[in-house]
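Novice: What follows is run_38.txt, compact mmCIF, C-alpha atoms.
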# COMPACT_ATOMS: atom_id res chain seq x y z
CA MET I 337 -5.61 21.03 -22.04
CA LYS I 338 -2.84 22.57 -19.96
CA ILE I 339 -2.83 22.70 -16.16
CA ALA I 340 -0.38 24.96 -14.34
CA VAL I 341 0.92 23.35 -11.13
CA ASP I 342 2.67 25.10 -8.25
CA ALA I 343 5.80 22.97 -7.86
CA MET I 344 7.32 24.91 -4.97
CA GLY I 345 5.19 26.29 -2.13
CA GLY I 346 2.60 23.65 -2.96
CA GLY I 347 2.51 20.22 -4.55
CA PRO I 348 4.01 18.48 -6.28
CA ARG I 349 6.98 19.25 -4.01
CA THR I 350 9.02 16.04 -3.98
CA ALA I 351 10.22 13.60 -6.61
CA ARG I 352 7.42 11.18 -5.68
CA ASP I 353 4.85 13.99 -5.90
CA ARG I 354 6.11 14.86 -9.35
CA ALA I 355 5.88 11.22 -10.40
CA ARG I 356 2.21 11.19 -9.38
CA ALA I 357 1.67 14.48 -11.21
CA VAL I 358 3.14 12.98 -14.37
CA GLU I 359 0.97 9.88 -13.91
CA SER I 360 -2.14 12.04 -13.52
CA ALA I 361 -1.33 14.03 -16.65
CA ARG I 362 -0.73 10.88 -18.66
CA SER I 363 -3.85 9.03 -17.51
CA ASN I 364 -6.18 12.03 -17.87
CA GLY I 365 -4.91 13.41 -21.17
CA LEU I 366 -3.60 16.63 -19.61
CA SER I 367 -0.54 18.74 -20.30
CA LEU I 368 1.29 20.06 -17.24
CA ILE I 369 3.28 23.23 -16.70
CA LEU I 370 5.31 22.76 -13.52
CA VAL I 371 6.02 26.25 -12.16
CA GLY I 372 8.97 26.79 -9.84
CA GLN I 373 12.75 26.71 -9.58
CA GLU I 374 13.66 25.10 -12.88
CA GLU I 375 17.00 23.53 -11.99
CA ARG I 376 15.56 21.71 -8.97
CA ILE I 377 12.45 20.52 -10.82
CA ARG I 378 14.39 19.19 -13.83
CA ALA I 379 16.84 17.37 -11.56
CA GLU I 380 13.96 15.51 -9.94
CA LEU I 381 12.24 14.81 -13.26
CA ARG I 382 15.36 13.04 -14.53
CA GLY I 383 14.57 10.10 -12.29
CA ILE I 384 10.98 9.81 -13.48
CA ASP I 385 9.50 8.08 -16.52
CA VAL I 386 7.81 10.93 -18.40
CA SER I 387 7.15 8.95 -21.59
CA GLY I 388 3.72 9.67 -23.01
CA ALA I 389 3.27 12.76 -20.84
CA ASP I 390 3.37 16.39 -21.99
CA ILE I 391 5.38 18.13 -19.26
CA GLU I 392 6.76 21.67 -19.39
CA VAL I 393 8.81 23.47 -16.76
CA LEU I 394 8.47 27.22 -16.29
CA HIS I 395 11.00 28.97 -14.08
CA ALA I 396 9.80 31.02 -11.10
CA SER I 397 12.61 32.02 -8.78
CA GLU I 398 10.62 32.87 -5.64
CA VAL I 399 8.49 30.88 -3.21
CA VAL I 400 5.56 32.07 -1.10
CA GLU I 401 6.09 30.35 2.24
CA MET I 402 3.24 29.14 4.45
CA CYS I 403 4.17 31.74 7.07
CA ASP I 404 4.12 34.66 4.60
CA ILE I 405 1.37 37.28 4.80
CA PRO I 406 -0.54 36.75 1.50
CA ALA I 407 -0.96 40.36 0.36
CA ILE I 408 2.64 41.30 1.18
CA ALA I 409 4.07 38.15 -0.41
CA LEU I 410 2.16 38.69 -3.64
CA ARG I 411 3.33 42.28 -3.85
CA LYS I 412 6.99 41.63 -3.02
CA LYS I 413 7.50 38.20 -4.60
CA ARG I 414 6.42 39.03 -8.11
CA ASN I 415 8.23 36.03 -9.57
CA SER I 416 6.77 33.49 -7.14
CA SER I 417 5.42 30.17 -8.39
CA ILE I 418 1.91 31.19 -7.29
CA ARG I 419 1.90 34.51 -9.11
CA VAL I 420 3.53 33.10 -12.27
CA GLY I 421 1.13 30.12 -12.32
CA LEU I 422 -1.94 32.33 -11.98
CA ARG I 423 -0.64 34.61 -14.73
CA LEU I 424 -0.55 31.58 -17.07
CA VAL I 425 -4.28 31.11 -16.51
CA ALA I 426 -5.00 34.83 -16.90
CA ASP I 427 -3.11 34.89 -20.21
CA GLY I 428 -4.93 31.81 -21.52
CA LYS I 429 -1.79 29.65 -21.51
CA ALA I 430 -3.26 27.27 -18.92
CA ALA I 431 -6.86 26.32 -18.11
CA SER I 432 -6.44 25.88 -14.34
CA PHE I 433 -3.93 26.38 -11.56
CA VAL I 434 -3.29 23.81 -8.82
CA SER I 435 -1.50 24.62 -5.56
CA ALA I 436 -1.04 23.12 -2.12
CA GLY I 437 0.85 26.19 -0.97
CA ASN I 438 -0.22 29.28 0.96
CA SER I 439 -3.98 29.18 0.35
CA GLY I 440 -4.42 32.81 1.40
CA ALA I 441 -1.92 33.87 -1.25
CA VAL I 442 -3.61 31.68 -3.87
CA MET I 443 -7.00 33.23 -3.09
CA ALA I 444 -5.65 36.78 -3.03
CA GLY I 445 -3.75 36.14 -6.24
CA GLY I 446 -6.90 34.79 -7.88
CA LEU I 447 -8.72 38.04 -7.15
CA LEU I 448 -5.77 40.21 -8.16
CA ILE I 449 -4.72 38.40 -11.33
CA LEU I 450 -7.68 36.37 -12.60
CA LYS I 451 -10.41 38.76 -11.39
CA LYS I 452 -13.90 37.80 -10.26
CA THR I 453 -16.43 35.99 -12.42
CA HIS I 454 -19.08 38.38 -13.74
CA GLY I 455 -21.87 38.72 -11.18
CA VAL I 456 -19.82 37.43 -8.25
CA ASP I 457 -18.95 39.73 -5.35
CA ARG I 458 -16.97 37.26 -3.26
CA PRO I 459 -15.36 34.04 -4.50
CA ALA I 460 -15.82 31.03 -2.20
CA ILE I 461 -14.20 27.66 -1.57
CA ALA I 462 -16.35 24.63 -2.42
CA ALA I 463 -15.43 21.56 -0.37
CA THR I 464 -16.71 18.17 -1.50
CA ILE I 465 -17.69 15.87 1.38
CA PRO I 466 -18.21 12.11 0.97
CA THR I 467 -21.42 10.79 2.58
CA PRO I 468 -23.41 7.51 2.51
CA HIS I 469 -25.80 9.19 0.05
CA GLY I 470 -23.08 10.45 -2.30
CA PRO I 471 -20.89 13.56 -2.28
CA VAL I 472 -22.25 16.88 -1.04
CA VAL I 473 -20.79 20.37 -1.42
CA LEU I 474 -20.13 22.91 1.34
CA VAL I 475 -19.79 26.57 0.29
CA ASP I 476 -18.00 28.55 1.74
CA ALA I 477 -15.27 26.42 3.36
CA GLY I 478 -13.10 29.30 4.49
CA ALA I 479 -12.58 32.09 1.96
CA ASN I 480 -14.92 34.62 3.64
CA VAL I 481 -15.01 34.78 7.42
CA GLU I 482 -17.75 37.42 7.45
CA SER I 483 -20.54 37.46 4.88
CA LYS I 484 -23.88 39.12 4.18
CA PRO I 485 -27.08 37.42 2.97
CA ALA I 486 -26.46 38.45 -0.64
CA HIS I 487 -23.02 36.85 -0.50
CA LEU I 488 -24.48 33.56 0.77
CA LEU I 489 -27.04 33.72 -2.04
CA GLN I 490 -24.19 33.84 -4.54
CA PHE I 491 -22.46 30.95 -2.73
CA GLY I 492 -25.66 28.98 -3.33
CA TYR I 493 -25.61 29.78 -7.05
CA MET I 494 -21.96 28.75 -7.29
CA GLY I 495 -22.43 25.57 -5.28
CA GLU I 496 -25.46 24.57 -7.36
CA VAL I 497 -23.48 24.95 -10.60
CA PHE I 498 -20.50 23.03 -9.20
CA SER I 499 -22.71 20.23 -7.90
CA ARG I 500 -24.58 19.99 -11.19
CA MET I 501 -21.64 20.19 -13.59
CA PHE I 502 -18.77 18.67 -11.60
CA LEU I 503 -20.59 16.04 -9.52
CA GLY I 504 -23.32 15.33 -12.07
CA ILE I 505 -26.34 15.94 -9.82
CA PRO I 506 -29.18 17.01 -12.19
CA ARG I 507 -31.08 19.35 -9.83
CA PRO I 508 -29.08 19.90 -6.65
CA ARG I 509 -30.96 20.65 -3.43
CA VAL I 510 -29.62 23.75 -1.70
CA GLY I 511 -29.86 24.38 2.05
CA VAL I 512 -28.61 27.03 4.47
CA ILE I 513 -26.73 25.73 7.52
CA SER I 514 -28.48 26.72 10.73
CA ILE I 515 -29.18 25.41 14.24
CA GLY I 516 -32.64 24.07 13.40
CA ALA I 517 -34.87 23.21 10.48
CA GLU I 518 -37.58 25.71 11.46
CA ASP I 519 -37.70 29.03 9.59
CA THR I 520 -37.49 30.95 12.87
CA LYS I 521 -34.22 29.29 13.95
CA GLY I 522 -30.76 30.72 13.39
CA THR I 523 -29.22 34.17 13.20
CA ASP I 524 -30.31 37.25 11.30
CA LEU I 525 -27.83 36.18 8.62
CA THR I 526 -29.33 32.74 8.09
CA ARG I 527 -32.96 33.91 8.29
CA ASP I 528 -32.41 36.76 5.83
CA THR I 529 -30.48 34.45 3.51
CA CYS I 530 -33.35 31.95 3.45
CA GLU I 531 -35.73 34.73 2.44
CA LEU I 532 -33.51 35.53 -0.55
CA PHE I 533 -33.26 31.89 -1.61
CA ARG I 534 -37.04 31.52 -1.64
CA ARG I 535 -37.23 34.16 -4.41
CA THR I 536 -34.94 32.18 -6.73
CA GLY I 537 -35.52 29.26 -9.04
CA LEU I 538 -33.04 27.11 -7.14
CA ASN I 539 -34.17 23.84 -5.59
CA PHE I 540 -34.09 25.35 -2.10
CA VAL I 541 -34.90 23.06 0.86
CA GLY I 542 -34.63 25.62 3.69
CA ASN I 543 -32.54 25.33 6.84
CA VAL I 544 -30.29 22.31 7.29
CA GLU I 545 -28.39 21.27 10.41
CA GLY I 546 -24.87 19.94 10.89
CA ARG I 547 -26.10 16.34 11.19
CA ASP I 548 -27.86 16.68 7.84
CA PHE I 549 -24.54 16.51 5.96
CA PHE I 550 -24.71 12.73 6.22
CA ALA I 551 -28.50 12.29 6.15
CA GLY I 552 -29.17 13.02 2.47
CA LYS I 553 -31.16 16.20 3.21
CA ALA I 554 -29.36 18.45 0.68
CA ASP I 555 -26.66 18.43 -1.99
CA VAL I 556 -25.31 21.96 -1.41
CA PHE I 557 -24.79 23.36 2.10
CA VAL I 558 -24.39 27.14 2.25
CA CYS I 559 -22.75 29.10 5.08
CA ASP I 560 -20.16 31.78 5.74
CA GLY I 561 -16.49 30.78 5.66
CA PHE I 562 -16.09 30.80 9.44
CA VAL I 563 -18.82 28.20 9.99
CA GLY I 564 -17.75 26.22 6.94
CA ASN I 565 -14.10 25.99 7.91
CA VAL I 566 -14.95 24.88 11.45
CA ALA I 567 -17.35 22.27 10.08
CA ILE I 568 -14.84 20.85 7.59
CA LYS I 569 -12.02 20.60 10.12
CA THR I 570 -14.33 19.04 12.69
CA MET I 571 -15.29 16.36 10.17
CA GLU I 572 -11.65 15.70 9.30
CA GLY I 573 -10.75 15.40 12.96
CA MET I 574 -13.69 13.11 13.70
CA ALA I 575 -12.81 10.82 10.78
CA THR I 576 -9.26 10.53 12.11
CA ALA I 577 -10.51 9.89 15.65
CA LEU I 578 -12.93 7.18 14.50
CA GLY I 579 -10.10 5.43 12.70
CA GLN I 580 -7.98 5.57 15.83
CA PHE I 581 -10.84 4.28 18.01
CA LEU I 582 -11.32 1.36 15.63
CA LYS I 583 -7.61 0.44 15.71
CA GLU I 584 -7.57 0.55 19.51
CA GLU I 585 -10.60 -1.72 19.78
CA ILE I 586 -9.16 -4.21 17.28
CA ARG I 587 -5.95 -4.47 19.32
CA LYS I 588 -7.83 -5.35 22.52
CA SER I 589 -8.61 -8.98 21.73
CA LEU I 590 -7.69 -11.84 19.43
CA MET I 591 -11.34 -12.19 18.38
CA ALA I 592 -11.42 -8.55 17.30
CA LYS I 593 -8.22 -9.05 15.28
CA VAL I 594 -9.68 -12.08 13.54
CA GLY I 595 -12.89 -10.16 12.80
CA ALA I 596 -10.86 -7.27 11.37
CA LEU I 597 -9.00 -9.65 9.05
CA LEU I 598 -12.27 -11.16 7.84
CA ALA I 599 -13.73 -7.69 7.27
CA GLU I 600 -10.55 -6.22 5.79
CA ARG I 601 -12.01 -5.56 2.36
CA ALA I 602 -15.11 -3.88 3.81
CA LEU I 603 -13.03 -1.76 6.20
CA ARG I 604 -10.79 -0.67 3.35
CA GLY I 605 -13.84 0.26 1.32
CA VAL I 606 -15.17 2.42 4.14
CA LYS I 607 -11.79 4.13 4.49
CA ASP I 608 -11.69 4.87 0.77
CA ARG I 609 -15.22 6.33 0.82
CA LEU I 610 -14.32 8.63 3.72
CA ASP I 611 -11.02 9.76 2.22
CA TYR I 612 -11.12 13.46 1.27
CA GLU I 613 -8.05 12.87 -0.90
CA GLU I 614 -10.33 11.23 -3.48
CA TYR I 615 -11.25 14.78 -4.53
CA GLY I 616 -7.71 16.17 -4.18
CA GLY I 617 -8.74 19.51 -2.75
CA ALA I 618 -11.31 22.23 -3.34
CA PRO I 619 -11.90 24.76 -6.12
CA LEU I 620 -12.08 28.49 -5.53
CA LEU I 621 -15.35 29.32 -7.27
CA GLY I 622 -16.13 32.81 -8.53
CA VAL I 623 -12.86 33.66 -10.29
CA ARG I 624 -12.22 33.56 -14.01
CA GLY I 625 -10.44 30.43 -15.12
CA GLY I 626 -9.89 27.72 -12.56
CA ILE I 627 -8.09 27.48 -9.22
CA PHE I 628 -7.84 24.23 -7.29
CA ILE I 629 -6.53 24.46 -3.73
CA CYS I 630 -5.02 21.32 -2.21
CA HIS I 631 -4.34 20.77 1.49
CA GLY I 632 -0.90 21.86 2.68
CA SER I 633 -0.15 18.30 3.81
CA SER I 634 -1.49 16.67 0.65
CA SER I 635 -0.20 13.17 -0.10
CA GLU I 636 0.91 11.98 -3.51
CA ARG I 637 -2.60 10.58 -4.07
CA ALA I 638 -4.22 13.91 -3.25
CA ILE I 639 -1.90 15.73 -5.65
CA LYS I 640 -2.71 13.27 -8.42
CA ASN I 641 -6.46 13.59 -7.85
CA GLY I 642 -6.24 17.38 -7.50
CA ILE I 643 -4.69 17.68 -10.94
CA ARG I 644 -7.34 15.37 -12.40
CA ALA I 645 -10.10 17.42 -10.75
CA ALA I 646 -8.61 20.68 -12.03
CA GLY I 647 -8.80 19.28 -15.56
CA THR I 648 -12.44 18.29 -15.06
CA LEU I 649 -13.24 21.72 -13.62
CA ALA I 650 -11.78 23.40 -16.70
CA ARG I 651 -13.54 21.06 -19.16
CA CYS I 652 -16.87 21.83 -17.51
CA ALA I 653 -16.23 25.59 -17.80
CA VAL I 654 -17.75 26.02 -14.35
CA ASP I 655 -16.78 29.70 -14.16
CA VAL I 656 -18.69 30.46 -17.37
CA GLU I 657 -21.78 28.60 -16.15
CA ILE I 658 -21.67 30.44 -12.81
CA ALA I 659 -21.79 33.79 -14.61
CA ARG I 660 -24.65 32.57 -16.78
CA SER I 661 -26.59 31.16 -13.83
CA ILE I 662 -26.33 34.35 -11.78
CA ALA I 663 -27.24 36.54 -14.76
CA SER I 664 -30.23 34.41 -15.75
CA ARG I 665 -31.62 34.40 -12.22
CA GLY I 666 -30.80 38.00 -11.41
CA HIS I 667 -34.43 39.07 -11.66
CA ALA I 668 -35.44 36.41 -9.13
CA ALA I 669 -33.10 37.83 -6.54
CA ALA I 670 -34.53 41.34 -6.84
CA GLY I 671 -34.74 42.99 -3.49
CA ALA I 672 -31.49 41.51 -2.20
CA PRO I 673 -29.62 44.01 -0.05
CA ALA I 674 -26.91 45.95 -1.84
CA ILE I 675 -23.38 44.69 -1.39
CA PRO I 676 -20.88 47.44 -0.63
What does the file become when written as structure tokens?

Specialist:
Amino acid sequence: MKIAVDAMGGGPRTARDRARAVESARSNGLSLILVGQEERIRAELRGIDVSGADIEVLHASEVVEMCDIPAIALRKKRNSSIRVGLRLVADGKAASFVSAGNSGAVMAGGLLILKKTHGVDRPAIAATIPTPHGPVVLVDAGANVESKPAHLLQFGYMGEVFSRMFLGIPRPRVGVISIGAEDTKGTDLTRDTCELFRRTGLNFVGNVEGRDFFAGKADVFVCDGFVGNVAIKTMEGMATALGQFLKEEIRKSLMAKVGALLAERALRGVKDRLDYEEYGGAPLLGVRGGIFICHGSSSERAIKNGIRAAGTLARCAVDVEIARSIASRGHAAAGAPAIP
């Protein structure tokens, strides 16, 4: 299975990143196509052990910068690593595309080049969140700032498929993020969305609150991209703050330092369980083929895990199952408002 990797605007962007990419390909039985400026990529690969790994380099002369406006960059930079990488997936030469570059350009390019999965009106980002009860999925994590109830219904279908096939949860529980568990709480958007979910065959649990992410109340949390992006970044910031608080408290006394040494293994285990880099990034669900978006500041570990996850996403054929799921349940969603 071949995975196309943006080697310019996104990871792997350094020699160490490329070494981790090679390691991921080798350990997961994947073939990589590194897309970007060929001379630079090959120069960095010369210092890396690529034995046992199937690595190909495909030249793309242009780079979509983080500051570029996505639509304009895609139109003007037709030989960018993002556009060339997505074209490989569209042409069937790669199963998935991985990028830590300009996420807006990756999403716009997915719609332009790969096209939407049958039955999907708006693709959405599915973020996997580690919790004490196992991983949960948040959809949408930022692709759609404004959404309608029918869009959120489709996010639920997509999140349910991803949770079932990628995370291995047999019958995922789906909830709509609101400000209270009662049916009367929330906005018109959340209340109308709940009404649509009740007509489906999904394992719908009703409204869920922000604190329910870590309480085991649901496996798939559905919301518009504005709410989802704020929620994800708040969690990331809180995890960083908690780590800083812990370090500060440990430094305050010798007893605390001794306790930290004794609990080192447990503390490391907690850190690993909270680390979003375990999942490498987030897939853009609802487009044909596979797109895996990594954080712009992804570490070598995140790049490695992102490539592994992209391979898993492709093997599961999540996009095909999403189309099947929406089509098979289409009758249950009858009465949903038309989407312009």

Novice: So how many Å separate atom CA of I:Val654 and atom CA of I:Leu370, to one decimal?

Specialist: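 Pair atom CA of I:Val654 / atom CA of I:Leu370 returns 23.3 Å.
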
Novice: Per residue of stretch 568-665 of chain I within 10 Å of stretch 413-423 of chain I, record the nearest atom pair and its distance in Å to one decimal, counting only C-alpha atoms, with rows in chain order and ascending residue number, as CSV.

Specialist:
residue,atom,partner,partner_atom,distance
I:Gly625,CA,I:Leu422,CA,9.3
I:Gly626,CA,I:Leu422,CA,9.2
I:Ile627,CA,I:Leu422,CA,8.3

Novice: Enumerate, in order of chain and increasing residue number, the residues of stretch 439-466 of chain I with an atom no farther than 9 Å from stretch 558-572 of chain I, each with its shortest atom pair and distance in Å to one decimal, counting all atoms listed in the file, as a Markdown table.

Specialist:
| residue | atom | partner | partner_atom | distance |
| --- | --- | --- | --- | --- |
| I:Ala460 | CA | I:Gly561 | CA | 7.9 |
| I:Ile461 | CA | I:Gly561 | CA | 8.2 |
| I:Ala463 | CA | I:Ile568 | CA | 8.0 |
| I:Ile465 | CA | I:Ile568 | CA | 8.5 |

Novice: Take the residues that were just selected and, keeping C-alpha atoms, output them as an mmCIF file, in the coordinates of the input.

Specialist:
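Final output, result_4.cif:
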data_model
loop_
_atom_site.group_PDB
_atom_site.id
_atom_site.type_symbol
_atom_site.label_atom_id
_atom_site.label_comp_id
_atom_site.auth_asym_id
_atom_site.auth_seq_id
_atom_site.Cartn_x
_atom_site.Cartn_y
_atom_site.Cartn_z
ATOM 1 C CA ALA I 460 -15.820 31.030 -2.200
ATOM 2 C CA ILE I 461 -14.200 27.660 -1.570
ATOM 3 C CA ALA I 463 -15.430 21.560 -0.370
ATOM 4 C CA ILE I 465 -17.690 15.870 1.380
#

Novice: Atom CA of I:Gly478 and atom CA of I:Phe491, how far apart in Å?

Specialist: 11.9 Å

Novice: Using all atoms listed in the file, which residue out of I:Ile339, I:Val425, I:Val400, I:Val456 lies closest to I:His487?

Specialist: I:Val456

Novice: Quick one, how far is atom CA of I:Arg507 from atom CA of I:Arg534?

Specialist: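 Computing it gives 15.8 Å between the two atoms.
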
Novice: Tell me, as a PyMOL selection string, which residues lie within 10 Å of I:Leu503, counting all atoms listed in the file; anything in the same chain fewer than 2 positions away does not count.

Specialist: chain I and resi 464+470-473+497-501+505-506+508+555

Novice: Kindly indicate which residue among I:Thr520, I:Ser661, I:Asn480, I:Ser439 lies nearest to I:Asn543, using all atoms listed in the file for the distances.

Specialist: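 Under the stated criterion, the closest residue is I:Thr520.
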
Novice: Of the candidates I:Gly595, I:Gly455, I:Pro485, I:Pro466, which one gets nearest to I:Ala551 if we count only C-alpha atoms?

Specialist: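 For I:Ala551, the nearest of the given residues is I:Pro466.
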
Novice: Which is closest to I:Leu649 among I:Pro406, I:Gly516, I:Pro619, I:Gly573, if we use only C-alpha atoms?

Specialist: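 For I:Leu649, the nearest of the candidates is I:Pro619.
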
Novice: For I:Asp519, which residue among I:Met337, I:Val544, I:Ala343, I:Phe502 is the nearest when counting all atoms listed in the file?

Specialist: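 Among the listed residues, the smallest separation from I:Asp519 belongs to I:Val544.
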